[in-house]
$ cat run21.txt   # compact mmCIF, C-alpha atoms
# COMPACT_ATOMS: atom_id res chain seq x y z
CA MET A 173 63.12 -25.20 -37.03
CA ASN A 174 62.92 -28.74 -38.38
CA LEU A 175 65.61 -27.84 -40.91
CA LEU A 176 67.94 -26.77 -38.09
CA TYR A 177 67.34 -30.06 -36.30
CA ARG A 178 68.11 -32.01 -39.43
CA LEU A 179 71.30 -30.06 -40.02
CA ALA A 180 72.35 -30.54 -36.39
CA ALA A 181 71.76 -34.26 -36.71
CA ARG A 182 74.12 -34.39 -39.64
CA VAL A 183 76.95 -32.60 -37.86
CA PRO A 184 78.28 -35.72 -36.05
CA THR A 185 78.28 -37.61 -39.35
CA VAL A 186 80.27 -34.86 -41.06
CA LEU A 187 82.70 -34.60 -38.15
CA MET A 188 83.28 -38.34 -38.13
CA ALA A 189 83.78 -38.32 -41.90
CA ARG A 190 86.33 -35.52 -41.57
CA ARG A 191 88.17 -37.43 -38.85
CA ASN A 192 88.28 -40.59 -40.94
CA VAL A 193 89.58 -38.72 -44.01
CA SER A 194 92.40 -37.10 -42.03
CA ARG A 195 93.25 -40.41 -40.36
CA ALA A 196 94.20 -42.08 -43.69
CA ARG A 197 96.14 -39.15 -45.08
CA ALA A 198 98.19 -40.98 -47.68
CA ARG A 199 95.23 -42.69 -49.34
CA SER A 200 93.14 -39.55 -49.08
CA ALA A 201 95.89 -37.48 -50.69
CA LEU A 202 96.13 -39.92 -53.61
CA ALA A 203 92.36 -39.84 -54.11
CA VAL A 204 92.33 -36.03 -53.99
CA ALA A 205 95.25 -35.89 -56.45
CA ALA A 206 93.32 -38.08 -58.90
CA VAL A 207 90.36 -35.70 -58.77
CA VAL A 208 92.65 -32.69 -59.14
CA ILE A 209 94.20 -34.14 -62.30
CA GLY A 210 90.79 -34.74 -63.84
CA VAL A 211 89.44 -31.30 -62.97
CA VAL A 212 92.59 -29.56 -64.21
CA ALA A 213 92.50 -31.60 -67.43
CA ILE A 214 88.93 -30.65 -68.26
CA GLY A 215 89.20 -27.05 -67.04
CA THR A 216 92.51 -26.33 -68.74
CA ILE A 217 91.45 -27.93 -72.00
CA GLY A 218 88.27 -25.85 -72.02
CA ALA A 219 89.79 -22.54 -70.92
CA GLY A 220 92.99 -22.99 -72.94
CA GLY A 221 91.11 -24.06 -76.04
CA GLU A 222 88.88 -21.01 -75.73
CA ALA A 223 91.92 -18.71 -75.41
CA PHE A 224 93.45 -20.26 -78.53
CA ARG A 225 90.13 -19.90 -80.33
CA GLN A 226 89.93 -16.19 -79.43
CA ASN A 227 93.49 -15.66 -80.61
CA GLN A 228 92.81 -17.22 -84.00
CA LEU A 229 89.39 -15.63 -84.50
CA SER A 230 90.83 -12.15 -83.90
CA ALA A 231 93.33 -12.88 -86.68
CA TYR A 232 90.54 -14.05 -88.99
CA GLU A 233 88.60 -10.83 -88.27
CA GLN A 234 91.45 -8.77 -89.74
CA LEU A 235 91.16 -10.77 -92.98
CA GLY A 236 87.40 -10.57 -93.34
CA GLY A 237 87.55 -9.07 -96.86
CA VAL A 238 90.07 -11.55 -98.25
CA ALA A 239 89.61 -14.62 -100.45
CA THR A 240 91.97 -16.99 -102.20
CA VAL A 241 91.48 -18.32 -105.72
CA ASP A 242 93.29 -21.52 -106.70
CA PRO A 243 93.44 -23.19 -110.10
CA VAL A 244 91.83 -26.60 -110.40
CA TRP A 245 94.27 -28.80 -112.27
CA ASP A 246 92.71 -30.29 -115.39
CA PRO A 247 95.00 -31.91 -118.00
CA GLU A 248 92.26 -31.55 -120.64
CA ASP A 249 92.10 -27.77 -120.20
CA GLU A 250 95.15 -26.26 -121.87
CA SER A 251 94.71 -22.92 -120.11
CA LEU A 252 95.14 -24.55 -116.69
CA ALA A 253 97.01 -27.68 -117.72
CA ASP A 254 99.90 -27.00 -115.35
CA GLY A 255 97.73 -25.81 -112.45
CA THR A 256 98.70 -22.14 -112.70
CA PHE A 257 97.19 -18.80 -113.73
CA SER A 258 98.63 -16.77 -116.58
CA GLU A 259 99.07 -13.01 -116.55
CA ARG A 260 96.14 -12.75 -118.97
CA GLN A 261 93.87 -14.67 -116.59
CA VAL A 262 94.89 -12.46 -113.67
CA ASP A 263 94.06 -9.38 -115.77
CA ARG A 264 90.66 -10.91 -116.53
CA MET A 265 90.00 -11.24 -112.79
CA ARG A 266 90.83 -7.56 -112.35
CA GLN A 267 88.32 -6.67 -115.05
CA LEU A 268 85.61 -8.89 -113.54
CA THR A 269 85.81 -7.60 -109.98
CA THR A 270 84.80 -4.27 -108.45
CA GLY A 271 86.59 -2.54 -105.57
CA THR A 272 89.00 -5.46 -105.40
CA THR A 273 92.77 -5.70 -105.26
CA VAL A 274 93.86 -8.75 -107.25
CA ALA A 275 97.29 -9.94 -106.17
CA PRO A 276 98.89 -12.93 -107.94
CA VAL A 277 101.20 -15.19 -105.95
CA VAL A 278 104.12 -17.29 -107.12
CA ASP A 279 104.35 -20.31 -104.84
CA GLN A 280 107.60 -22.28 -104.82
CA GLY A 281 109.30 -24.45 -102.27
CA GLY A 282 112.90 -23.60 -101.60
CA SER A 283 115.70 -23.21 -99.13
CA PHE A 284 117.77 -20.27 -98.07
CA VAL A 285 121.08 -19.90 -96.26
CA ARG A 286 122.75 -17.19 -94.27
CA ASP A 287 125.22 -15.14 -96.29
CA PRO A 288 128.23 -15.00 -96.62
CA GLU A 289 129.12 -18.31 -94.93
CA GLY A 290 126.62 -20.26 -97.01
CA ASP A 291 125.80 -22.72 -94.23
CA PRO A 292 122.28 -24.21 -94.57
CA LEU A 293 119.91 -22.30 -92.32
CA LEU A 294 116.53 -23.90 -92.86
CA THR A 295 114.08 -24.97 -95.53
CA ALA A 296 111.06 -22.72 -96.00
CA GLN A 297 108.33 -21.88 -98.46
CA VAL A 298 109.36 -19.12 -100.85
CA LYS A 299 106.51 -17.09 -102.32
CA GLY A 300 106.36 -14.11 -104.60
CA LEU A 301 103.96 -11.32 -103.57
CA ASP A 302 104.19 -7.65 -104.45
CA ASP A 303 102.91 -6.27 -101.15
CA PRO A 304 102.57 -8.55 -98.07
CA ARG A 305 101.13 -5.58 -96.14
CA MET A 306 97.79 -6.14 -97.84
CA LEU A 307 97.42 -9.25 -95.65
CA TYR A 308 99.79 -8.98 -92.73
CA GLU A 309 101.03 -6.61 -90.07
CA VAL A 310 104.76 -6.00 -89.73
CA GLU A 311 106.24 -6.90 -86.36
CA SER A 312 109.66 -5.37 -86.95
CA GLY A 313 111.27 -3.46 -89.78
CA GLU A 314 109.50 -1.80 -92.70
CA ILE A 315 108.63 -2.85 -96.23
CA PRO A 316 109.77 -0.11 -98.65
CA ALA A 317 107.91 0.72 -101.84
CA ASP A 318 110.77 -0.74 -103.88
CA TRP A 319 112.06 -3.91 -102.26
CA ARG A 320 113.43 -5.72 -105.29
CA ARG A 321 116.56 -7.01 -103.53
CA SER A 322 114.88 -7.60 -100.20
CA VAL A 323 112.80 -10.30 -98.51
CA VAL A 324 110.13 -10.36 -95.81
CA VAL A 325 110.11 -13.37 -93.49
CA GLY A 326 107.36 -14.92 -91.40
CA ALA A 327 107.48 -15.07 -87.60
CA ARG A 328 108.27 -18.80 -87.39
CA VAL A 329 110.98 -18.55 -90.05
CA ALA A 330 112.62 -15.68 -88.17
CA GLU A 331 112.45 -17.59 -84.89
CA ASN A 332 113.74 -20.90 -86.21
CA GLY A 333 116.52 -19.32 -88.26
CA ASP A 334 117.44 -16.66 -85.68
CA ILE A 335 116.88 -14.04 -88.36
CA GLU A 336 116.53 -10.33 -87.68
CA VAL A 337 115.85 -7.25 -89.75
CA GLY A 338 119.03 -6.24 -91.56
CA ASP A 339 120.41 -9.77 -91.93
CA ARG A 340 121.44 -10.97 -95.37
CA VAL A 341 120.25 -14.34 -96.62
CA SER A 342 120.73 -16.26 -99.82
CA VAL A 343 117.52 -17.60 -101.35
CA ALA A 344 117.48 -20.46 -103.82
CA THR A 345 114.37 -22.05 -105.35
CA ASN A 346 113.52 -24.44 -108.13
CA GLY A 347 111.81 -21.62 -110.00
CA GLY A 348 114.79 -19.46 -110.87
CA VAL A 349 115.29 -17.34 -107.74
CA ASP A 350 118.91 -17.59 -106.68
CA GLY A 351 120.65 -14.70 -104.99
CA ASP A 352 121.40 -12.67 -101.91
CA PHE A 353 118.70 -10.58 -100.26
CA ARG A 354 118.45 -8.33 -97.23
CA VAL A 355 115.71 -8.95 -94.66
CA VAL A 356 113.68 -5.74 -94.43
CA ALA A 357 110.81 -6.92 -92.21
CA VAL A 358 109.50 -9.72 -90.01
CA LEU A 359 105.74 -10.30 -90.05
CA GLU A 360 103.53 -10.74 -87.01
CA SER A 361 102.54 -14.31 -86.28
CA ARG A 362 99.10 -15.21 -87.61
CA GLY A 363 98.88 -18.88 -86.69
CA PHE A 364 96.27 -20.75 -88.71
CA ALA A 365 94.60 -17.53 -89.87
CA SER A 366 96.87 -17.04 -92.83
CA PRO A 367 95.90 -17.55 -96.48
CA LEU A 368 99.57 -18.09 -97.43
CA ASN A 369 100.90 -19.82 -94.31
CA ALA A 370 102.91 -16.66 -93.71
CA ASP A 371 104.56 -17.75 -90.46
CA ARG A 372 106.63 -20.34 -92.35
CA THR A 373 107.18 -18.35 -95.54
CA VAL A 374 109.83 -16.11 -97.06
CA PHE A 375 108.23 -13.46 -99.28
CA VAL A 376 110.14 -12.30 -102.33
CA PRO A 377 109.03 -9.59 -104.81
CA LEU A 378 107.35 -10.96 -107.93
CA SER A 379 110.05 -9.31 -110.02
CA ALA A 380 112.58 -11.74 -108.56
CA PHE A 381 110.86 -14.63 -110.35
CA ASP A 382 111.42 -15.17 -114.04
CA THR A 383 107.84 -16.30 -114.67
CA GLU A 384 104.36 -15.03 -115.38
CA GLU A 385 102.63 -18.14 -114.10
CA TYR A 386 100.97 -17.88 -110.71
CA GLY A 387 99.94 -20.66 -108.37
CA GLN A 388 97.34 -18.61 -106.51
CA VAL A 389 95.52 -15.28 -106.56
CA ILE A 390 94.51 -13.20 -103.54
CA LEU A 391 91.36 -11.06 -103.68
CA GLN A 392 91.13 -8.19 -101.21
CA VAL A 393 87.72 -6.52 -101.40
CA ASP A 394 86.85 -3.07 -100.10
CA PRO A 395 83.73 -3.74 -97.95
CA GLN A 396 82.38 -0.27 -98.72
CA VAL A 397 82.23 -1.15 -102.42
CA SER A 398 81.28 -4.82 -102.49
CA SER A 399 81.38 -8.04 -100.50
CA VAL A 400 84.13 -10.62 -100.75
CA GLU A 401 81.54 -13.37 -101.29
CA ALA A 402 80.04 -11.55 -104.28
CA GLU A 403 83.39 -10.84 -105.92
CA THR A 404 84.59 -14.40 -105.39
CA ARG A 405 81.39 -15.71 -107.01
CA LYS A 406 82.01 -13.47 -110.04
CA VAL A 407 85.42 -15.03 -110.60
CA GLU A 408 84.14 -18.57 -110.07
CA GLN A 409 81.18 -18.13 -112.40
CA ARG A 410 83.31 -16.68 -115.18
CA PHE A 411 86.13 -19.23 -114.98
CA ASN A 412 83.92 -22.23 -114.25
CA ASP A 413 81.37 -21.69 -117.02
CA ARG A 414 82.79 -24.65 -118.94
CA GLY A 415 83.80 -26.81 -116.00
CA PRO A 416 85.56 -26.58 -112.63
CA ASN A 417 88.67 -24.53 -113.37
CA VAL A 418 89.07 -22.42 -110.21
CA ASP A 419 88.24 -22.82 -106.55
CA GLY A 420 87.54 -19.66 -104.57
CA GLU A 421 87.47 -19.65 -100.76
CA THR A 422 86.86 -16.68 -98.51
CA VAL A 423 88.71 -16.29 -95.23
CA GLN A 424 85.29 -16.25 -93.56
CA SER A 425 84.61 -19.78 -94.80
CA GLN A 426 88.07 -20.79 -93.56
CA ARG A 427 87.10 -19.35 -90.20
CA GLU A 428 83.91 -21.42 -90.11
CA ASN A 429 85.89 -24.56 -90.95
CA PHE A 430 88.37 -23.67 -88.20
CA GLU A 431 85.59 -23.23 -85.62
CA GLU A 432 84.03 -26.54 -86.62
CA ALA A 433 87.39 -28.31 -86.34
CA MET A 434 88.09 -26.66 -82.98
CA GLY A 435 84.73 -27.83 -81.67
CA THR A 436 85.46 -31.42 -82.66
CA ILE A 437 88.96 -31.32 -81.18
CA SER A 438 87.69 -29.77 -77.94
CA GLN A 439 85.07 -32.47 -77.52
CA PHE A 440 87.69 -35.16 -78.07
CA LEU A 441 90.08 -33.60 -75.54
CA LEU A 442 87.30 -33.12 -72.99
CA ALA A 443 86.47 -36.81 -73.36
CA ILE A 444 90.09 -37.61 -72.52
CA GLY A 445 89.80 -35.35 -69.46
CA ALA A 446 86.64 -37.20 -68.44
CA ILE A 447 88.62 -40.46 -68.52
CA SER A 448 90.93 -38.89 -65.93
CA LEU A 449 87.92 -38.38 -63.67
CA LEU A 450 86.85 -41.98 -64.25
CA VAL A 451 90.28 -43.03 -62.98
CA ALA A 452 89.75 -40.70 -60.02
CA ALA A 453 86.43 -42.39 -59.27
CA VAL A 454 88.09 -45.82 -59.28
CA THR A 455 90.81 -44.49 -56.96
CA ILE A 456 88.27 -43.09 -54.53
CA ALA A 457 86.21 -46.30 -54.62
CA ASN A 458 89.34 -48.26 -53.77
CA THR A 459 90.18 -45.83 -50.97
CA MET A 460 86.72 -46.14 -49.47
CA LEU A 461 86.71 -49.94 -49.74
CA MET A 462 90.03 -50.14 -47.92
CA SER A 463 88.78 -47.69 -45.32
CA ALA A 464 85.60 -49.71 -44.77
CA ILE A 465 87.58 -52.97 -44.42
CA GLU A 466 89.99 -51.44 -41.90
CA ARG A 467 87.10 -50.03 -39.86
CA GLU A 468 84.82 -53.05 -39.85
CA GLY A 469 85.12 -53.33 -36.09
CA GLU A 470 84.29 -49.66 -35.58
CA ILE A 471 81.33 -49.89 -37.93
CA GLY A 472 80.17 -53.07 -36.14
CA VAL A 473 80.21 -51.26 -32.79
CA LEU A 474 78.23 -48.38 -34.26
CA ARG A 475 75.66 -50.80 -35.68
CA ALA A 476 75.52 -52.75 -32.41
CA VAL A 477 74.65 -49.62 -30.37
CA GLY A 478 71.81 -48.75 -32.75
CA TYR A 479 73.53 -46.74 -35.45
CA PRO A 480 71.21 -47.17 -38.48
CA LYS A 481 72.42 -48.38 -41.87
CA ARG A 482 71.51 -45.06 -43.44
CA ALA A 483 73.80 -43.23 -41.01
CA VAL A 484 76.72 -45.53 -41.88
CA VAL A 485 76.10 -44.97 -45.58
CA SER A 486 75.86 -41.21 -45.02
CA MET A 487 79.15 -41.17 -43.13
CA LEU A 488 81.10 -43.05 -45.79
CA VAL A 489 79.52 -41.15 -48.68
CA ALA A 490 80.33 -37.92 -46.85
CA GLU A 491 83.98 -39.03 -46.72
CA SER A 492 84.15 -39.68 -50.46
CA THR A 493 82.34 -36.43 -51.19
CA MET A 494 84.83 -34.53 -49.05
CA LEU A 495 87.65 -35.99 -51.10
CA GLY A 496 85.87 -34.92 -54.28
CA VAL A 497 85.15 -31.40 -53.03
CA LEU A 498 88.73 -30.91 -51.86
CA GLY A 499 90.07 -32.18 -55.19
CA ALA A 500 87.63 -29.96 -57.09
CA VAL A 501 88.64 -26.84 -55.12
CA VAL A 502 92.34 -27.44 -55.70
CA GLY A 503 91.69 -28.39 -59.35
CA VAL A 504 89.67 -25.23 -60.02
CA ALA A 505 92.41 -23.06 -58.52
CA LEU A 506 95.06 -24.74 -60.68
CA ALA A 507 92.87 -24.61 -63.81
CA LEU A 508 92.30 -20.87 -63.30
CA ALA A 509 96.02 -20.29 -62.80
CA ILE A 510 96.98 -22.26 -65.91
CA GLY A 511 94.15 -20.62 -67.86
CA SER A 512 95.44 -17.18 -66.87
CA VAL A 513 98.89 -18.03 -68.18
CA LEU A 514 97.43 -19.30 -71.46
CA ASN A 515 95.23 -16.20 -71.78
CA TYR A 516 98.27 -13.98 -71.30
CA GLN A 517 100.31 -15.90 -73.86
CA LEU A 518 97.59 -16.16 -76.50
CA VAL A 519 95.35 -13.14 -75.95
CA GLY A 520 97.55 -10.76 -73.97
CA ASP A 521 95.14 -10.53 -71.04
CA PRO A 522 95.38 -13.05 -68.15
CA LEU A 523 91.77 -12.36 -67.19
CA ALA A 524 90.33 -12.88 -70.68
CA PHE A 525 88.17 -15.81 -69.59
CA THR A 526 84.97 -16.34 -71.53
CA ALA A 527 81.70 -17.91 -70.45
CA SER A 528 82.71 -21.10 -72.29
CA GLY A 529 86.01 -21.22 -70.41
CA PHE A 530 84.31 -20.81 -67.04
CA ARG A 531 81.75 -23.45 -68.00
CA ALA A 532 84.51 -25.94 -68.77
CA ILE A 533 86.15 -25.33 -65.39
CA ALA A 534 82.80 -25.60 -63.59
CA LEU A 535 82.03 -28.76 -65.57
CA GLY A 536 85.31 -30.30 -64.47
CA ALA A 537 84.62 -29.41 -60.82
CA GLY A 538 81.08 -30.77 -60.98
CA PHE A 539 82.21 -34.02 -62.58
CA GLY A 540 84.93 -34.35 -59.95
CA VAL A 541 82.52 -34.07 -57.04
CA LEU A 542 79.95 -36.31 -58.74
CA ALA A 543 82.56 -38.97 -59.50
CA ALA A 544 83.69 -38.97 -55.88
CA LEU A 545 80.12 -39.17 -54.57
CA VAL A 546 79.18 -42.06 -56.86
CA ALA A 547 82.44 -43.85 -56.10
CA GLY A 548 81.63 -43.84 -52.39
CA ILE A 549 78.14 -45.34 -52.67
CA TYR A 550 79.08 -49.00 -53.22
CA PRO A 551 81.70 -49.22 -50.42
CA ALA A 552 79.25 -47.47 -48.07
CA TRP A 553 76.40 -49.82 -48.98
CA LYS A 554 78.62 -52.87 -48.61
CA ALA A 555 79.84 -51.77 -45.16
CA ALA A 556 76.36 -50.82 -43.91
CA ARG A 557 74.66 -54.07 -44.90
CA LYS A 558 77.13 -56.24 -42.99
CA HIS A 559 75.66 -57.75 -39.82
CA PRO A 560 77.10 -56.20 -36.63
CA VAL A 561 78.15 -59.66 -35.29
CA GLU A 562 80.09 -60.39 -38.51
CA ALA A 563 81.75 -56.98 -38.38
CA LEU A 564 82.86 -57.50 -34.76
CA ASP A 565 84.46 -60.92 -35.44

$ encode --input "run21.txt" --output "structure tokens"
Amino acid sequence: MNLLYRLAARVPTVLMARRNVSRARARSALAVAAVVIGVVAIGTIGAGGEAFRQNQLSAYEQLGGVATVDPVWDPEDESLADGTFSERQVDRMRQLTTGTTVAPVVDQGGSFVRDPEGDPLLTAQVKGLDDPRMLYEVESGEIPADWRRSVVVGARVAENGDIEVGDRVSVATNGGVDGDFRVVAVLESRGFASPLNADRTVFVPLSAFDTEEYGQVILQVDPQVSSVEAETRKVEQRFNDRGPNVDGETVQSQRENFEEAMGTISQFLLAIGAISLLVAAVTIANTMLMSAIEREGEIGVLRAVGYPKRAVVSMLVAESTMLGVLGAVVGVALALAIGSVLNYQLVGDPLAFTASGFRAIALGAGFGVLAALVAGIYPAWKAARKHPVEALD
């Protein structure tokens, strides 16, 4: 029963606060907008970052049995003096590993142009790889068993160059590739989860290069036979027995580095979002100060007829809290809407929110309300402590 009485006693305060908020609509709208911006910033950064993280991690999962081996350039080691692997060294890797496909890669920068006009199309990485299907899914087209006069292009290359399956392009590199090729396939986009930066690469058969020196080697391990970590260690131990000659890195370790980097970036962006809420708090404090100054006479009358200081403080704090709650509600709705769009674009499911995404949105809403509440305390205290006679002057 006492609880009901206490709640009833607060009703006039809440009603007066609501009336005062609606009376200064322009200032109230600006204060609410500031809270909305902060809540949307934090919520969208959290939910959007989580959607991007899911998108990239799913790509990493498909490459769980893959590792890259790079030569460590050492001018004192004649076998790796130019930072490449020889055919003999690639064969040695095949002998060392078990249940592993060893695929050498020729890595050369280059440019290619649309044929027959010869107009420059774009500059891209040109890499030699016998079978890109060991790493990537094909979005359109098909890679034949014999694709000696054909190329496979990454998703970003196809988009930027307006290239489709069946187009003819002329590829020219510094390493001897110079000729016309037909595009037989476009690869699915893999974002950061790509050992060869496939999205921005044109893949050419190894036979198109007049060289037996390789800038990188890909290890694809059958998980039913061995683990990619074990096979990568075999190669490193054999080639590094006399010094650091090769550097092996599994896609799993790349994934861990990606997650660590994403965590750091997310924290930084959330801090920026929190600054938005700090600005919102300043806006609300200014709104409440102006409101208290304009209503000094009204507050003086209330104090003169026995309205206690605590009631004045409660009324003004209730006003600022209302602004925060309204801004938080609108901000949460907008953050969910934007998050749904990002989920659809990145994951393919607009409702693919995770617990981390919901936590970020809830965190933004909580900070918004808290910032508004705290921002209203000083103006309320300042107005309540003024003597009724001074307020009525």

$ closest_residue --input "run21.txt" --among "A:Ala198, A:Ala544, A:Val374, A:Leu391" --to "Leu294 in chain A" --atoms "all atoms listed in the file"
A:Val374

$ closest_residue --input "run21.txt" --among "A:Val343, A:Val356, A:Ala330, A:Leu368" --to "Leu307 in chain A" --atoms "all atoms listed in the file"
A:Leu368

$ atom_distance --input "run21.txt" --atom1 "CA of Ala206 in chain A" --atom2 "CA of Gly511 in chain A"
19.6 Å

$ closest_residue --input "run21.txt" --among "A:Ala205, A:Ala547, A:Ala443, A:Phe525" --to "Val513 in chain A" --atoms "all atoms listed in the file"
A:Phe525

$ closest_residue --input "run21.txt" --among "A:Ser512, A:Thr345, A:Thr373, A:Ser528" --to "Gln297 in chain A" --atoms "all atoms listed in the file"
A:Thr373

$ atom_distance --input "run21.txt" --atom1 "CA of Gln409 in chain A" --atom2 "CA of Glu384 in chain A"
23.6 Å

$ atom_distance --input "run21.txt" --atom1 "CA of Leu450 in chain A" --atom2 "CA of Ala490 in chain A"
19.0 Å

$ closest_residue --input "run21.txt" --among "A:Val546, A:Val407, A:Val277, A:Ala317" --to "Val376 in chain A" --atoms "all atoms listed in the file"
A:Val277

$ closest_residue --input "run21.txt" --among "A:Val400, A:Ala534, A:Ala370, A:Ala527" --to "Ala505 in chain A" --atoms "only C-alpha atoms"
A:Ala534

$ residues_around --input "run21.txt" --residues "range 436-442 of chain A" --least-positions-apart "5" --cutoff "7 Å" --atoms "all atoms listed in the file" --output "list in words"
Ile214, Ile217 and Gly221 of chain A

$ residues_around --input "run21.txt" --residues "Thr216 in chain A" --least-positions-apart "2" --cutoff "10 Å" --atoms "only C-alpha atoms" --output "list in words"
Gly210, Val211, Val212, Ala213, Ile214, Gly218, Ala219, Gly220, Gly221, Glu222, Leu442, Gly445, Gly503, Val504, Leu506, Ala507, Leu508, Ala509, Ile510, Gly511, Ser512, Leu514, Gly529, Ala532, Ile533 and Gly536 of chain A

$ residues_around --input "run21.txt" --residues "Arg320 in chain A" --least-positions-apart "4" --cutoff "9 Å" --atoms "only C-alpha atoms" --output "list in words"
Phe353, Val376, Pro377, Leu378, Ser379 and Ala380 of chain A

$ residues_near_point --input "run21.txt" --point "(89.4, -22.6, -113.0)" --cutoff "10 Å" --atoms "only C-alpha atoms" --output "PDB file with C-alpha atoms, keeping the file's coordinate frame"
ATOM      1  CA  VAL A 241      91.480 -18.320-105.720  1.00  0.00           C
ATOM      2  CA  ASP A 242      93.290 -21.520-106.700  1.00  0.00           C
ATOM      3  CA  PRO A 243      93.440 -23.190-110.100  1.00  0.00           C
ATOM      4  CA  VAL A 244      91.830 -26.600-110.400  1.00  0.00           C
ATOM      5  CA  TRP A 245      94.270 -28.800-112.270  1.00  0.00           C
ATOM      6  CA  ASP A 246      92.710 -30.290-115.390  1.00  0.00           C
ATOM      7  CA  ASP A 249      92.100 -27.770-120.200  1.00  0.00           C
ATOM      8  CA  SER A 251      94.710 -22.920-120.110  1.00  0.00           C
ATOM      9  CA  LEU A 252      95.140 -24.550-116.690  1.00  0.00           C
ATOM     10  CA  GLY A 255      97.730 -25.810-112.450  1.00  0.00           C
ATOM     11  CA  THR A 256      98.700 -22.140-112.700  1.00  0.00           C
ATOM     12  CA  PHE A 257      97.190 -18.800-113.730  1.00  0.00           C
ATOM     13  CA  GLN A 261      93.870 -14.670-116.590  1.00  0.00           C
ATOM     14  CA  VAL A 407      85.420 -15.030-110.600  1.00  0.00           C
ATOM     15  CA  GLU A 408      84.140 -18.570-110.070  1.00  0.00           C
ATOM     16  CA  GLN A 409      81.180 -18.130-112.400  1.00  0.00           C
ATOM     17  CA  ARG A 410      83.310 -16.680-115.180  1.00  0.00           C
ATOM     18  CA  PHE A 411      86.130 -19.230-114.980  1.00  0.00           C
ATOM     19  CA  ASN A 412      83.920 -22.230-114.250  1.00  0.00           C
ATOM     20  CA  ASP A 413      81.370 -21.690-117.020  1.00  0.00           C
ATOM     21  CA  ARG A 414      82.790 -24.650-118.940  1.00  0.00           C
ATOM     22  CA  GLY A 415      83.800 -26.810-116.000  1.00  0.00           C
ATOM     23  CA  PRO A 416      85.560 -26.580-112.630  1.00  0.00           C
ATOM     24  CA  ASN A 417      88.670 -24.530-113.370  1.00  0.00           C
ATOM     25  CA  VAL A 418      89.070 -22.420-110.210  1.00  0.00           C
ATOM     26  CA  ASP A 419      88.240 -22.820-106.550  1.00  0.00           C
ATOM     27  CA  GLY A 420      87.540 -19.660-104.570  1.00  0.00           C
TER      28      GLY A 420
END

$ axis_aligned_box --input "run21.txt" --around "range 511-514 of chain A" --padding-each-side "8 Å" --output "AutoDock Vina command-line options"
--center_x 96.5 --center_y -18.9 --center_z -69.2 --size_x 20.7 --size_y 19.4 --size_z 20.6

$ residues_around --input "run21.txt" --residues "Val519 in chain A" --least-positions-apart "5" --cutoff "8 Å" --atoms "all atoms listed in the file" --output "ChimeraX atom specification"
/A:223-224,226-227,514,524
